[in-house]
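Pasted below: final08.cif, mmCIF, C-alpha atoms and all ligand atoms; chains and numbers go by the auth columns.
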```
data_entry
#
loop_
_atom_site.group_PDB
_atom_site.id
_atom_site.type_symbol
_atom_site.label_atom_id
_atom_site.label_comp_id
_atom_site.label_asym_id
_atom_site.label_seq_id
_atom_site.Cartn_x
_atom_site.Cartn_y
_atom_site.Cartn_z
_atom_site.B_iso_or_equiv
_atom_site.auth_seq_id
_atom_site.auth_asym_id
ATOM 1 C CA MET A 1 36.377 -38.673 -28.038 0.00 1 N
ATOM 2 C CA LEU A 2 34.112 -40.599 -25.601 0.00 2 N
ATOM 3 C CA PHE A 3 34.985 -38.133 -22.847 0.00 3 N
ATOM 4 C CA TYR A 4 34.110 -35.231 -25.186 0.00 4 N
ATOM 5 C CA SER A 5 30.606 -36.550 -26.102 0.00 5 N
ATOM 6 C CA THR A 6 29.803 -37.426 -22.437 0.00 6 N
ATOM 7 C CA ARG A 7 30.820 -33.904 -21.454 0.00 7 N
ATOM 8 C CA LYS A 8 28.573 -32.452 -24.162 0.00 8 N
ATOM 9 C CA ARG A 9 25.619 -34.528 -22.921 0.00 9 N
ATOM 10 C CA VAL A 10 26.187 -33.411 -19.306 0.00 10 N
ATOM 11 C CA ASP A 11 26.360 -29.775 -20.454 0.00 11 N
ATOM 12 C CA ARG A 12 23.095 -30.164 -22.381 0.00 12 N
ATOM 13 C CA MET A 13 21.382 -31.787 -19.396 0.00 13 N
ATOM 14 C CA PHE A 14 22.575 -28.938 -17.217 0.00 14 N
ATOM 15 C CA ILE A 15 21.178 -26.321 -19.635 0.00 15 N
ATOM 16 C CA GLU A 16 17.859 -28.217 -19.836 0.00 16 N
ATOM 17 C CA LEU A 17 17.669 -28.365 -16.041 0.00 17 N
ATOM 18 C CA ILE A 18 18.332 -24.642 -15.705 0.00 18 N
ATOM 19 C CA SER A 19 15.697 -23.867 -18.388 0.00 19 N
ATOM 20 C CA LEU A 20 13.162 -26.101 -16.614 0.00 20 N
ATOM 21 C CA ALA A 21 13.908 -24.467 -13.260 0.00 21 N
ATOM 22 C CA LEU A 22 13.506 -21.007 -14.820 0.00 22 N
ATOM 23 C CA ALA A 23 10.207 -21.977 -16.490 0.00 23 N
ATOM 24 C CA LEU A 24 8.906 -23.383 -13.177 0.00 24 N
ATOM 25 C CA LEU A 25 10.007 -20.226 -11.363 0.00 25 N
ATOM 26 C CA LEU A 26 8.144 -18.020 -13.870 0.00 26 N
ATOM 27 C CA ILE A 27 5.007 -20.177 -13.600 0.00 27 N
ATOM 28 C CA ALA A 28 5.217 -20.075 -9.779 0.00 28 N
ATOM 29 C CA MET A 29 5.687 -16.280 -9.857 0.00 29 N
ATOM 30 C CA VAL A 30 2.348 -15.975 -11.664 0.00 30 N
ATOM 31 C CA PHE A 31 0.275 -18.814 -10.161 0.00 31 N
ATOM 32 C CA ILE A 32 1.217 -18.749 -6.448 0.00 32 N
ATOM 33 C CA PRO A 33 0.030 -15.114 -6.094 0.00 33 N
ATOM 34 C CA VAL A 34 -3.246 -16.081 -7.840 0.00 34 N
ATOM 35 C CA LEU A 35 -3.790 -18.684 -5.095 0.00 35 N
ATOM 36 C CA LEU A 36 -3.098 -16.002 -2.470 0.00 36 N
ATOM 37 C CA THR A 37 -5.105 -13.115 -3.943 0.00 37 N
ATOM 38 C CA GLY A 38 -7.773 -14.994 -5.903 0.00 38 N
ATOM 39 C CA ALA A 39 -7.351 -12.615 -8.865 0.00 39 N
ATOM 40 C CA PRO A 40 -5.387 -13.670 -11.963 0.00 40 N
ATOM 41 C CA PRO A 41 -3.295 -10.941 -13.641 0.00 41 N
ATOM 42 C CA VAL A 42 -5.609 -10.586 -16.645 0.00 42 N
ATOM 43 C CA PRO A 43 -4.895 -7.237 -18.304 0.00 43 N
ATOM 44 C CA THR A 44 -7.623 -4.789 -19.262 0.00 44 N
ATOM 45 C CA SER A 45 -8.202 -5.112 -23.001 0.00 45 N
ATOM 46 C CA PHE A 46 -7.858 -2.207 -25.407 0.00 46 N
ATOM 47 C CA SER A 47 -11.659 -1.902 -25.881 0.00 47 N
ATOM 48 C CA VAL A 48 -12.350 -1.903 -22.139 0.00 48 N
ATOM 49 C CA ARG A 49 -9.559 0.596 -21.546 0.00 49 N
ATOM 50 C CA THR A 50 -11.096 2.888 -24.179 0.00 50 N
ATOM 51 C CA ALA A 51 -14.505 2.648 -22.445 0.00 51 N
ATOM 52 C CA LEU A 52 -12.896 3.346 -19.042 0.00 52 N
ATOM 53 C CA MET A 53 -10.973 6.351 -20.289 0.00 53 N
ATOM 54 C CA GLY A 54 -14.206 7.661 -21.815 0.00 54 N
ATOM 55 C CA LEU A 55 -15.743 7.751 -18.328 0.00 55 N
ATOM 56 C CA LEU A 56 -12.977 9.870 -16.846 0.00 56 N
ATOM 57 C CA PRO A 57 -13.000 13.683 -16.807 0.00 57 N
ATOM 58 C CA ARG A 58 -10.132 15.630 -18.420 0.00 58 N
ATOM 59 C CA ARG A 59 -9.361 17.175 -15.031 0.00 59 N
ATOM 60 C CA LEU A 60 -9.789 15.294 -11.785 0.00 60 N
ATOM 61 C CA PRO A 61 -11.733 16.954 -8.970 0.00 61 N
ATOM 62 C CA GLY A 62 -9.803 18.131 -5.915 0.00 62 N
ATOM 63 C CA PRO A 63 -6.190 19.282 -5.617 0.00 63 N
ATOM 64 C CA ALA A 64 -3.399 18.156 -7.969 0.00 64 N
ATOM 65 C CA THR A 65 -1.809 16.555 -4.900 0.00 65 N
ATOM 66 C CA GLY A 66 -4.565 13.920 -5.052 0.00 66 N
ATOM 67 C CA VAL A 67 -3.056 10.545 -5.909 0.00 67 N
ATOM 68 C CA ILE A 68 -4.356 8.112 -8.521 0.00 68 N
ATOM 69 C CA TYR A 69 -4.235 4.547 -7.197 0.00 69 N
ATOM 70 C CA GLU A 70 -4.574 1.413 -9.268 0.00 70 N
ATOM 71 C CA LEU A 71 -5.384 -1.485 -6.955 0.00 71 N
ATOM 72 C CA GLY A 72 -3.816 -4.551 -8.548 0.00 72 N
ATOM 73 C CA SER A 73 -1.918 -2.904 -11.389 0.00 73 N
ATOM 74 C CA GLY A 74 -0.985 -6.157 -13.144 0.00 74 N
ATOM 75 C CA TRP A 75 1.349 -5.692 -16.130 0.00 75 N
ATOM 76 C CA GLY A 76 1.089 -1.898 -15.907 0.00 76 N
ATOM 77 C CA GLY A 77 -0.879 -1.013 -19.049 0.00 77 N
ATOM 78 C CA MET A 78 -3.684 0.918 -17.336 0.00 78 N
ATOM 79 C CA ALA A 79 -1.415 2.822 -14.949 0.00 79 N
ATOM 80 C CA LEU A 80 0.883 3.884 -17.805 0.00 80 N
ATOM 81 C CA LYS A 81 -2.114 5.269 -19.679 0.00 81 N
ATOM 82 C CA LEU A 82 -3.304 7.126 -16.552 0.00 82 N
ATOM 83 C CA ALA A 83 0.153 8.631 -15.971 0.00 83 N
ATOM 84 C CA GLU A 84 0.053 9.940 -19.546 0.00 84 N
ATOM 85 C CA MET A 85 -3.514 11.239 -19.209 0.00 85 N
ATOM 86 C CA TYR A 86 -2.931 12.999 -15.852 0.00 86 N
ATOM 87 C CA PRO A 87 0.684 14.261 -15.893 0.00 87 N
ATOM 88 C CA ASP A 88 0.072 16.567 -12.884 0.00 88 N
ATOM 89 C CA HIS A 89 -1.003 13.706 -10.626 0.00 89 N
ATOM 90 C CA GLN A 90 1.099 11.052 -8.947 0.00 90 N
ATOM 91 C CA VAL A 91 -0.024 7.576 -10.077 0.00 91 N
ATOM 92 C CA ILE A 92 0.709 4.549 -7.870 0.00 92 N
ATOM 93 C CA GLY A 93 0.019 0.952 -8.869 0.00 93 N
ATOM 94 C CA PHE A 94 -0.021 -1.711 -6.144 0.00 94 N
ATOM 95 C CA GLU A 95 0.559 -5.269 -7.286 0.00 95 N
ATOM 96 C CA LEU A 96 1.195 -8.454 -5.307 0.00 96 N
ATOM 97 C CA SER A 97 2.244 -10.708 -8.167 0.00 97 N
ATOM 98 C CA PRO A 98 6.026 -10.398 -8.738 0.00 98 N
ATOM 99 C CA LEU A 99 6.247 -11.184 -12.467 0.00 99 N
ATOM 100 C CA PRO A 100 3.584 -8.708 -13.651 0.00 100 N
ATOM 101 C CA TRP A 101 5.060 -6.139 -11.239 0.00 101 N
ATOM 102 C CA LEU A 102 8.540 -6.662 -12.712 0.00 102 N
ATOM 103 C CA VAL A 103 7.214 -6.315 -16.267 0.00 103 N
ATOM 104 C CA ALA A 104 5.340 -3.130 -15.256 0.00 104 N
ATOM 105 C CA ARG A 105 8.590 -1.726 -13.783 0.00 105 N
ATOM 106 C CA LEU A 106 10.413 -2.449 -17.049 0.00 106 N
ATOM 107 C CA ARG A 107 7.633 -0.804 -19.070 0.00 107 N
ATOM 108 C CA LEU A 108 7.835 2.226 -16.793 0.00 108 N
ATOM 109 C CA ALA A 109 11.614 2.459 -17.246 0.00 109 N
ATOM 110 C CA VAL A 110 11.146 2.453 -21.035 0.00 110 N
ATOM 111 C CA SER A 111 8.263 4.966 -20.941 0.00 111 N
ATOM 112 C CA GLY A 112 10.094 7.394 -18.676 0.00 112 N
ATOM 113 C CA HIS A 113 6.954 8.660 -16.883 0.00 113 N
ATOM 114 C CA ARG A 114 8.101 10.525 -13.776 0.00 114 N
ATOM 115 C CA ASN A 115 4.683 10.609 -12.111 0.00 115 N
ATOM 116 C CA LEU A 116 4.234 6.830 -11.910 0.00 116 N
ATOM 117 C CA ARG A 117 5.371 4.228 -9.348 0.00 117 N
ATOM 118 C CA PHE A 118 4.707 0.497 -9.208 0.00 118 N
ATOM 119 C CA ARG A 119 4.902 -0.973 -5.731 0.00 119 N
ATOM 120 C CA LEU A 120 5.046 -4.676 -4.930 0.00 120 N
ATOM 121 C CA ALA A 121 2.539 -4.395 -2.114 0.00 121 N
ATOM 122 C CA ASP A 122 -0.889 -5.414 -0.863 0.00 122 N
ATOM 123 C CA TYR A 123 -3.335 -2.567 -1.459 0.00 123 N
ATOM 124 C CA ASN A 124 -5.263 -3.662 1.652 0.00 124 N
ATOM 125 C CA ARG A 125 -2.341 -2.418 3.734 0.00 125 N
ATOM 126 C CA GLN A 126 -2.170 1.034 2.134 0.00 126 N
ATOM 127 C CA ASP A 127 -3.801 4.257 3.254 0.00 127 N
ATOM 128 C CA LEU A 128 -5.853 5.563 0.320 0.00 128 N
ATOM 129 C CA SER A 129 -7.171 8.702 2.035 0.00 129 N
ATOM 130 C CA ASN A 130 -5.251 11.095 -0.271 0.00 130 N
ATOM 131 C CA ALA A 131 -6.733 9.581 -3.449 0.00 131 N
ATOM 132 C CA SER A 132 -8.482 11.614 -6.105 0.00 132 N
ATOM 133 C CA LEU A 133 -9.071 8.543 -8.283 0.00 133 N
ATOM 134 C CA VAL A 134 -9.062 4.814 -7.510 0.00 134 N
ATOM 135 C CA LEU A 135 -9.165 2.143 -10.212 0.00 135 N
ATOM 136 C CA CYS A 136 -9.752 -1.547 -9.879 0.00 136 N
ATOM 137 C CA TYR A 137 -10.344 -4.662 -11.938 0.00 137 N
ATOM 138 C CA LEU A 138 -10.900 -7.326 -9.286 0.00 138 N
ATOM 139 C CA LEU A 139 -13.222 -10.230 -8.640 0.00 139 N
ATOM 140 C CA PRO A 140 -16.556 -9.792 -6.749 0.00 140 N
ATOM 141 C CA ASP A 141 -15.262 -11.434 -3.529 0.00 141 N
ATOM 142 C CA LEU A 142 -12.387 -8.953 -3.335 0.00 142 N
ATOM 143 C CA MET A 143 -14.691 -6.054 -4.209 0.00 143 N
ATOM 144 C CA GLN A 144 -16.739 -6.520 -1.036 0.00 144 N
ATOM 145 C CA ASN A 145 -13.719 -6.068 1.236 0.00 145 N
ATOM 146 C CA LEU A 146 -12.464 -3.232 -0.905 0.00 146 N
ATOM 147 C CA GLN A 147 -15.815 -1.462 -0.695 0.00 147 N
ATOM 148 C CA ARG A 148 -15.559 -1.418 3.121 0.00 148 N
ATOM 149 C CA LYS A 149 -11.999 -0.100 2.916 0.00 149 N
ATOM 150 C CA LEU A 150 -12.939 2.665 0.453 0.00 150 N
ATOM 151 C CA ALA A 151 -15.945 3.672 2.560 0.00 151 N
ATOM 152 C CA ALA A 152 -13.689 3.983 5.617 0.00 152 N
ATOM 153 C CA GLU A 153 -10.821 5.893 3.975 0.00 153 N
ATOM 154 C CA LEU A 154 -11.851 7.974 0.972 0.00 154 N
ATOM 155 C CA THR A 155 -12.812 11.621 1.154 0.00 155 N
ATOM 156 C CA PRO A 156 -16.038 12.783 -0.539 0.00 156 N
ATOM 157 C CA GLY A 157 -15.492 13.651 -4.195 0.00 157 N
ATOM 158 C CA THR A 158 -12.948 10.889 -4.852 0.00 158 N
ATOM 159 C CA LEU A 159 -13.665 9.117 -8.130 0.00 159 N
ATOM 160 C CA ILE A 160 -13.691 5.323 -8.302 0.00 160 N
ATOM 161 C CA VAL A 161 -13.634 3.335 -11.514 0.00 161 N
ATOM 162 C CA SER A 162 -14.323 -0.371 -11.645 0.00 162 N
ATOM 163 C CA ASN A 163 -13.802 -2.642 -14.621 0.00 163 N
ATOM 164 C CA THR A 164 -16.545 -5.284 -15.099 0.00 164 N
ATOM 165 C CA PHE A 165 -17.758 -5.631 -11.497 0.00 165 N
ATOM 166 C CA ALA A 166 -20.050 -3.150 -9.748 0.00 166 N
ATOM 167 C CA PHE A 167 -19.990 -2.216 -6.059 0.00 167 N
ATOM 168 C CA ARG A 168 -23.084 -3.600 -4.389 0.00 168 N
ATOM 169 C CA GLY A 169 -25.523 -0.895 -3.199 0.00 169 N
ATOM 170 C CA TRP A 170 -23.600 1.981 -4.817 0.00 170 N
ATOM 171 C CA ARG A 171 -25.267 3.807 -7.687 0.00 171 N
ATOM 172 C CA PRO A 172 -22.763 4.657 -10.444 0.00 172 N
ATOM 173 C CA LEU A 173 -22.459 8.237 -11.580 0.00 173 N
ATOM 174 C CA ASP A 174 -21.946 6.906 -15.105 0.00 174 N
ATOM 175 C CA ASP A 175 -21.293 3.611 -16.849 0.00 175 N
ATOM 176 C CA ARG A 176 -20.410 2.259 -20.293 0.00 176 N
ATOM 177 C CA ILE A 177 -20.435 -1.034 -22.138 0.00 177 N
ATOM 178 C CA ALA A 178 -17.108 -1.819 -23.777 0.00 178 N
ATOM 179 C CA ASP A 179 -16.931 -2.903 -27.383 0.00 179 N
ATOM 180 C CA ASP A 180 -15.306 -6.273 -26.578 0.00 180 N
ATOM 181 C CA ILE A 181 -16.715 -9.787 -27.114 0.00 181 N
ATOM 182 C CA TYR A 182 -18.010 -9.923 -23.522 0.00 182 N
ATOM 183 C CA LYS A 183 -19.640 -6.475 -23.718 0.00 183 N
ATOM 184 C CA SER A 184 -17.892 -5.718 -20.408 0.00 184 N
ATOM 185 C CA PRO A 185 -19.477 -2.988 -18.291 0.00 185 N
ATOM 186 C CA VAL A 186 -17.337 -0.291 -16.659 0.00 186 N
ATOM 187 C CA TYR A 187 -18.537 1.886 -13.778 0.00 187 N
ATOM 188 C CA LEU A 188 -17.680 5.353 -12.483 0.00 188 N
ATOM 189 C CA TYR A 189 -18.549 6.280 -8.889 0.00 189 N
ATOM 190 C CA GLU A 190 -18.058 9.491 -6.948 0.00 190 N
ATOM 191 C CA PHE A 191 -17.519 8.758 -3.296 0.00 191 N
ATOM 192 C CA GLY A 192 -20.017 10.627 -1.146 0.00 192 N
ATOM 193 C CA ARG A 193 -22.609 10.855 -3.909 0.00 193 N
ATOM 194 C CA THR A 194 -23.181 7.332 -5.101 0.00 194 N
ATOM 195 C CA GLU A 195 -23.776 5.368 -1.911 0.00 195 N
ATOM 196 C CA GLU A 196 -27.407 4.542 -1.341 0.00 196 N
ATOM 197 C CA ALA A 197 -28.985 5.084 2.062 0.00 197 N
HETATM 198 C C1 LIG B . -7.616 -8.768 -13.214 0.00 201 O
HETATM 199 S S1 LIG B . -5.987 -8.181 -12.829 0.00 201 O
HETATM 200 C C2 LIG B . -6.071 -6.510 -13.377 0.00 201 O
HETATM 201 C C3 LIG B . -4.721 -5.928 -13.775 0.00 201 O
HETATM 202 C C4 LIG B . -4.748 -4.454 -14.158 0.00 201 O
HETATM 203 N N1 LIG B . -5.439 -3.666 -13.151 0.00 201 O
HETATM 204 C C5 LIG B . -5.398 -4.212 -15.480 0.00 201 O
HETATM 205 O O1 LIG B . -6.540 -3.743 -15.479 0.00 201 O
HETATM 206 O O2 LIG B . -4.786 -4.494 -16.532 0.00 201 O
HETATM 207 C C6 LIG B . -6.071 -8.067 -11.032 0.00 201 O
HETATM 208 C C7 LIG B . -4.718 -7.882 -10.396 0.00 201 O
HETATM 209 O O3 LIG B . -4.904 -7.561 -9.017 0.00 201 O
HETATM 210 C C8 LIG B . -3.811 -8.101 -8.289 0.00 201 O
HETATM 211 N N2 LIG B . -4.207 -8.150 -6.873 0.00 201 O
HETATM 212 C C9 LIG B . -5.226 -8.870 -6.311 0.00 201 O
HETATM 213 N N3 LIG B . -5.292 -8.649 -4.981 0.00 201 O
HETATM 214 C C10 LIG B . -4.283 -7.754 -4.695 0.00 201 O
HETATM 215 C C11 LIG B . -3.854 -7.123 -3.490 0.00 201 O
HETATM 216 N N4 LIG B . -4.466 -7.364 -2.311 0.00 201 O
HETATM 217 N N5 LIG B . -2.826 -6.241 -3.545 0.00 201 O
HETATM 218 C C12 LIG B . -2.220 -5.985 -4.735 0.00 201 O
HETATM 219 N N6 LIG B . -2.570 -6.556 -5.915 0.00 201 O
HETATM 220 C C13 LIG B . -3.605 -7.436 -5.896 0.00 201 O
HETATM 221 C C14 LIG B . -3.623 -9.469 -8.938 0.00 201 O
HETATM 222 O O4 LIG B . -2.327 -9.973 -8.678 0.00 201 O
HETATM 223 C C15 LIG B . -3.838 -9.126 -10.416 0.00 201 O
HETATM 224 O O5 LIG B . -2.640 -8.826 -11.069 0.00 201 O
#
```
Just dump the structure as structure tokens.
Amino acid sequence: MLFYSTRKRVDRMFIELISLALALLLIAMVFIPVLLTGAPPVPTSFSVRTALMGLLPRRLPGPATGVIYELGSGWGGMALKLAEMYPDHQVIGFELSPLPWLVARLRLAVSGHRNLRFRLADYNRQDLSNASLVLCYLLPDLMQNLQRKLAAELTPGTLIVSNTFAFRGWRPLDDRIADDIYKSPVYLYEFGRTEEA
């Protein structure tokens, strides 16, 4: 009897330890990448997504081979919507944070979109020269580096959409204010037309 209850207590402790280790692993999978990238995986809200989609044309300029890149695709919500909206284009989401990336992969498997990929990768290390549309929702510090990268790689006519933060010195082609509590702005740029001299 005594042996049985001691055994039960050891089993319970073991289960508690495993649960704690799993919880810590999940927390680390979200917070360590935030320390590395400086951008938490906050998803675009429904209202902001609606404003963003309202900025985008029904057909993207350039050839259908032009790729749509989401730089920091988080939990996958935006990229899934883009894959649905532009079925003729390949959509690629780059994400450095493993847990959001994993969730996005699961959402993709359920949705069945064939024109969408989520890659666990740093967008800074990718060549974006074949883009027809680039989306981002990043913090201002990251935007400055990204702006240099886009200026070096994109071809004129490529569309760029930024959630909340504007690119310094670039005049947007269009912008909207989302109907959320922060009244978040969203910006549309066309590379080659919106840079100021
Ligand atoms: C504010 S969230 C936006 C998520 C998603 N784009 C959305 O709108 O729902 C920014 C995301 O960018 C990712 N990120 C930041 N720097 C990155 C990098 N260099 N490469 C890939 N992902 C990055 C972060 O991990 C985070 O998930």
From the options N:Gly169, N:Pro43, N:Gly62, N:Gly112, which residue's atoms come nearest to N:Met78, counting all atoms listed in the file? N:Pro43
Any residue with an atom at most 8 Å from ligand LIG 201 (chain O) counts, using only C-alpha atoms and all ligand atoms. Which are they? Put them as a PyMOL selection string. chain N and resi 33-34+37-45+70-79+94-97+100+120-124+135-139+142+163
Name all residues at most 10 Å from N:His89 (count all atoms listed in the file; drop same-chain ones fewer than 3 positions away) and give them as a list in words. Leu60, Pro63, Ala64, Thr65, Gly66, Val67, Ile68, Leu82, Ala83, Glu84, Met85, Tyr86, Ile92, Asn115, Leu116, Ser132 and Leu133 of chain N
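Separating atom CA of N:Arg193 from atom CA of N:Val161 is a distance of 14.0 Å.
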Determine the residue membership of the PyMOL selection byres (((chain N and resi 29) around 12) and not hetatm) for the file above and supply it as a VMD selection string. chain N and resid 22 to 28 30 to 36 40 to 41 96 to 103
Please, what distance in Å, to one decimal, runs between atom CA of N:Asp180 and atom CA of N:Ala51? 9.9 Å
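Between atom CA of N:Arg117 and atom CA of N:Asp174 there is a distance of 28.0 Å.
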Listed atoms of stretch 86-105 of chain N boxed along x, y and z, 5 Å each side, centre and edge lengths in Å, one decimal, as lines of an AutoDock Vina configuration file:
```
center_x = 2.8
center_y = 2.7
center_z = -10.8
size_x = 21.5
size_y = 37.8
size_z = 21.0
```
Write out as a ChimeraX atom specification each polymer residue whose atoms come within 7 Å of N:Pro172, counting all atoms listed in the file; drop sequence neighbours fewer than 6 positions from it. /N:187-189,194
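Candidate residues N:Arg171, N:Lys149, N:Lys183, N:Lys81 were compared for distance to N:Gln126, and the nearest is N:Lys149, using all atoms listed in the file.
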Show which residues sit within 10 Å of N:Gln147, as a list of chain:residue names. Count only C-alpha atoms, and ignore same-chain residues fewer than 3 positions away. N:Leu142, N:Met143, N:Gln144, N:Leu150, N:Ala151, N:Ala152, N:Phe167, N:Arg168, N:Trp170
What would the list of residues within 10 Å of (-20.1, -4.3, -24.3) (file frame) look like as a ChimeraX atom specification, if only C-alpha atoms are what count? /N:47-48,51,164,176-186
Can you complete the atoms of stretch 78-96 of chain N to N, CA, C and O atoms and list them as a PDB file, keeping the file's coordinate frame?
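Below you can see selection22.pdb, which holds the result:
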```
ATOM      1  N   MET N  78      -2.711  -0.120 -17.723  1.00  0.00           N
ATOM      2  CA  MET N  78      -3.684   0.918 -17.336  1.00  0.00           C
ATOM      3  C   MET N  78      -2.974   2.095 -16.662  1.00  0.00           C
ATOM      4  O   MET N  78      -3.241   3.255 -16.972  1.00  0.00           O
ATOM      5  N   ALA N  79      -2.083   1.771 -15.720  1.00  0.00           N
ATOM      6  CA  ALA N  79      -1.415   2.822 -14.949  1.00  0.00           C
ATOM      7  C   ALA N  79      -0.556   3.704 -15.876  1.00  0.00           C
ATOM      8  O   ALA N  79      -0.497   4.930 -15.697  1.00  0.00           O
ATOM      9  N   LEU N  80       0.079   3.095 -16.867  1.00  0.00           N
ATOM     10  CA  LEU N  80       0.883   3.884 -17.805  1.00  0.00           C
ATOM     11  C   LEU N  80       0.001   4.873 -18.560  1.00  0.00           C
ATOM     12  O   LEU N  80       0.363   6.028 -18.770  1.00  0.00           O
ATOM     13  N   LYS N  81      -1.175   4.403 -18.953  1.00  0.00           N
ATOM     14  CA  LYS N  81      -2.114   5.269 -19.679  1.00  0.00           C
ATOM     15  C   LYS N  81      -2.575   6.414 -18.773  1.00  0.00           C
ATOM     16  O   LYS N  81      -2.686   7.562 -19.210  1.00  0.00           O
ATOM     17  N   LEU N  82      -2.845   6.096 -17.489  1.00  0.00           N
ATOM     18  CA  LEU N  82      -3.304   7.126 -16.552  1.00  0.00           C
ATOM     19  C   LEU N  82      -2.210   8.172 -16.297  1.00  0.00           C
ATOM     20  O   LEU N  82      -2.496   9.363 -16.191  1.00  0.00           O
ATOM     21  N   ALA N  83      -0.962   7.702 -16.209  1.00  0.00           N
ATOM     22  CA  ALA N  83       0.153   8.631 -15.971  1.00  0.00           C
ATOM     23  C   ALA N  83       0.285   9.602 -17.148  1.00  0.00           C
ATOM     24  O   ALA N  83       0.618  10.781 -16.961  1.00  0.00           O
ATOM     25  N   GLU N  84      -0.014   9.099 -18.349  1.00  0.00           N
ATOM     26  CA  GLU N  84       0.053   9.940 -19.546  1.00  0.00           C
ATOM     27  C   GLU N  84      -1.129  10.930 -19.560  1.00  0.00           C
ATOM     28  O   GLU N  84      -0.968  12.099 -19.883  1.00  0.00           O
ATOM     29  N   MET N  85      -2.299  10.426 -19.148  1.00  0.00           N
ATOM     30  CA  MET N  85      -3.514  11.239 -19.209  1.00  0.00           C
ATOM     31  C   MET N  85      -3.531  12.331 -18.131  1.00  0.00           C
ATOM     32  O   MET N  85      -4.088  13.400 -18.338  1.00  0.00           O
ATOM     33  N   TYR N  86      -2.921  12.036 -16.965  1.00  0.00           N
ATOM     34  CA  TYR N  86      -2.931  12.999 -15.852  1.00  0.00           C
ATOM     35  C   TYR N  86      -1.492  13.278 -15.401  1.00  0.00           C
ATOM     36  O   TYR N  86      -1.057  12.827 -14.333  1.00  0.00           O
ATOM     37  N   PRO N  87      -0.740  14.049 -16.206  1.00  0.00           N
ATOM     38  CA  PRO N  87       0.684  14.261 -15.893  1.00  0.00           C
ATOM     39  C   PRO N  87       0.915  15.032 -14.593  1.00  0.00           C
ATOM     40  O   PRO N  87       2.003  14.946 -14.015  1.00  0.00           O
ATOM     41  N   ASP N  88      -0.114  15.782 -14.116  1.00  0.00           N
ATOM     42  CA  ASP N  88       0.072  16.567 -12.884  1.00  0.00           C
ATOM     43  C   ASP N  88      -0.172  15.742 -11.624  1.00  0.00           C
ATOM     44  O   ASP N  88       0.067  16.210 -10.521  1.00  0.00           O
ATOM     45  N   HIS N  89      -0.696  14.537 -11.791  1.00  0.00           N
ATOM     46  CA  HIS N  89      -1.003  13.706 -10.626  1.00  0.00           C
ATOM     47  C   HIS N  89       0.027  12.583 -10.480  1.00  0.00           C
ATOM     48  O   HIS N  89       0.527  12.057 -11.471  1.00  0.00           O
ATOM     49  N   GLN N  90       0.283  12.230  -9.233  1.00  0.00           N
ATOM     50  CA  GLN N  90       1.099  11.052  -8.947  1.00  0.00           C
ATOM     51  C   GLN N  90       0.223   9.801  -9.131  1.00  0.00           C
ATOM     52  O   GLN N  90      -0.907   9.771  -8.628  1.00  0.00           O
ATOM     53  N   VAL N  91       0.717   8.825  -9.882  1.00  0.00           N
ATOM     54  CA  VAL N  91      -0.024   7.576 -10.077  1.00  0.00           C
ATOM     55  C   VAL N  91       0.754   6.459  -9.371  1.00  0.00           C
ATOM     56  O   VAL N  91       1.973   6.333  -9.545  1.00  0.00           O
ATOM     57  N   ILE N  92       0.051   5.662  -8.572  1.00  0.00           N
ATOM     58  CA  ILE N  92       0.709   4.549  -7.870  1.00  0.00           C
ATOM     59  C   ILE N  92      -0.064   3.267  -8.152  1.00  0.00           C
ATOM     60  O   ILE N  92      -1.281   3.213  -7.940  1.00  0.00           O
ATOM     61  N   GLY N  93       0.634   2.257  -8.647  1.00  0.00           N
ATOM     62  CA  GLY N  93       0.019   0.952  -8.869  1.00  0.00           C
ATOM     63  C   GLY N  93       0.523  -0.023  -7.822  1.00  0.00           C
ATOM     64  O   GLY N  93       1.731  -0.167  -7.631  1.00  0.00           O
ATOM     65  N   PHE N  94      -0.401  -0.670  -7.112  1.00  0.00           N
ATOM     66  CA  PHE N  94      -0.021  -1.711  -6.144  1.00  0.00           C
ATOM     67  C   PHE N  94      -0.270  -3.059  -6.788  1.00  0.00           C
ATOM     68  O   PHE N  94      -1.354  -3.314  -7.333  1.00  0.00           O
ATOM     69  N   GLU N  95       0.715  -3.932  -6.702  1.00  0.00           N
ATOM     70  CA  GLU N  95       0.559  -5.269  -7.286  1.00  0.00           C
ATOM     71  C   GLU N  95       1.273  -6.283  -6.400  1.00  0.00           C
ATOM     72  O   GLU N  95       2.388  -6.041  -5.949  1.00  0.00           O
ATOM     73  N   LEU N  96       0.606  -7.417  -6.180  1.00  0.00           N
ATOM     74  CA  LEU N  96       1.195  -8.454  -5.307  1.00  0.00           C
ATOM     75  C   LEU N  96       1.919  -9.542  -6.090  1.00  0.00           C
ATOM     76  O   LEU N  96       2.676 -10.306  -5.513  1.00  0.00           O
TER      77      LEU N  96
END
```
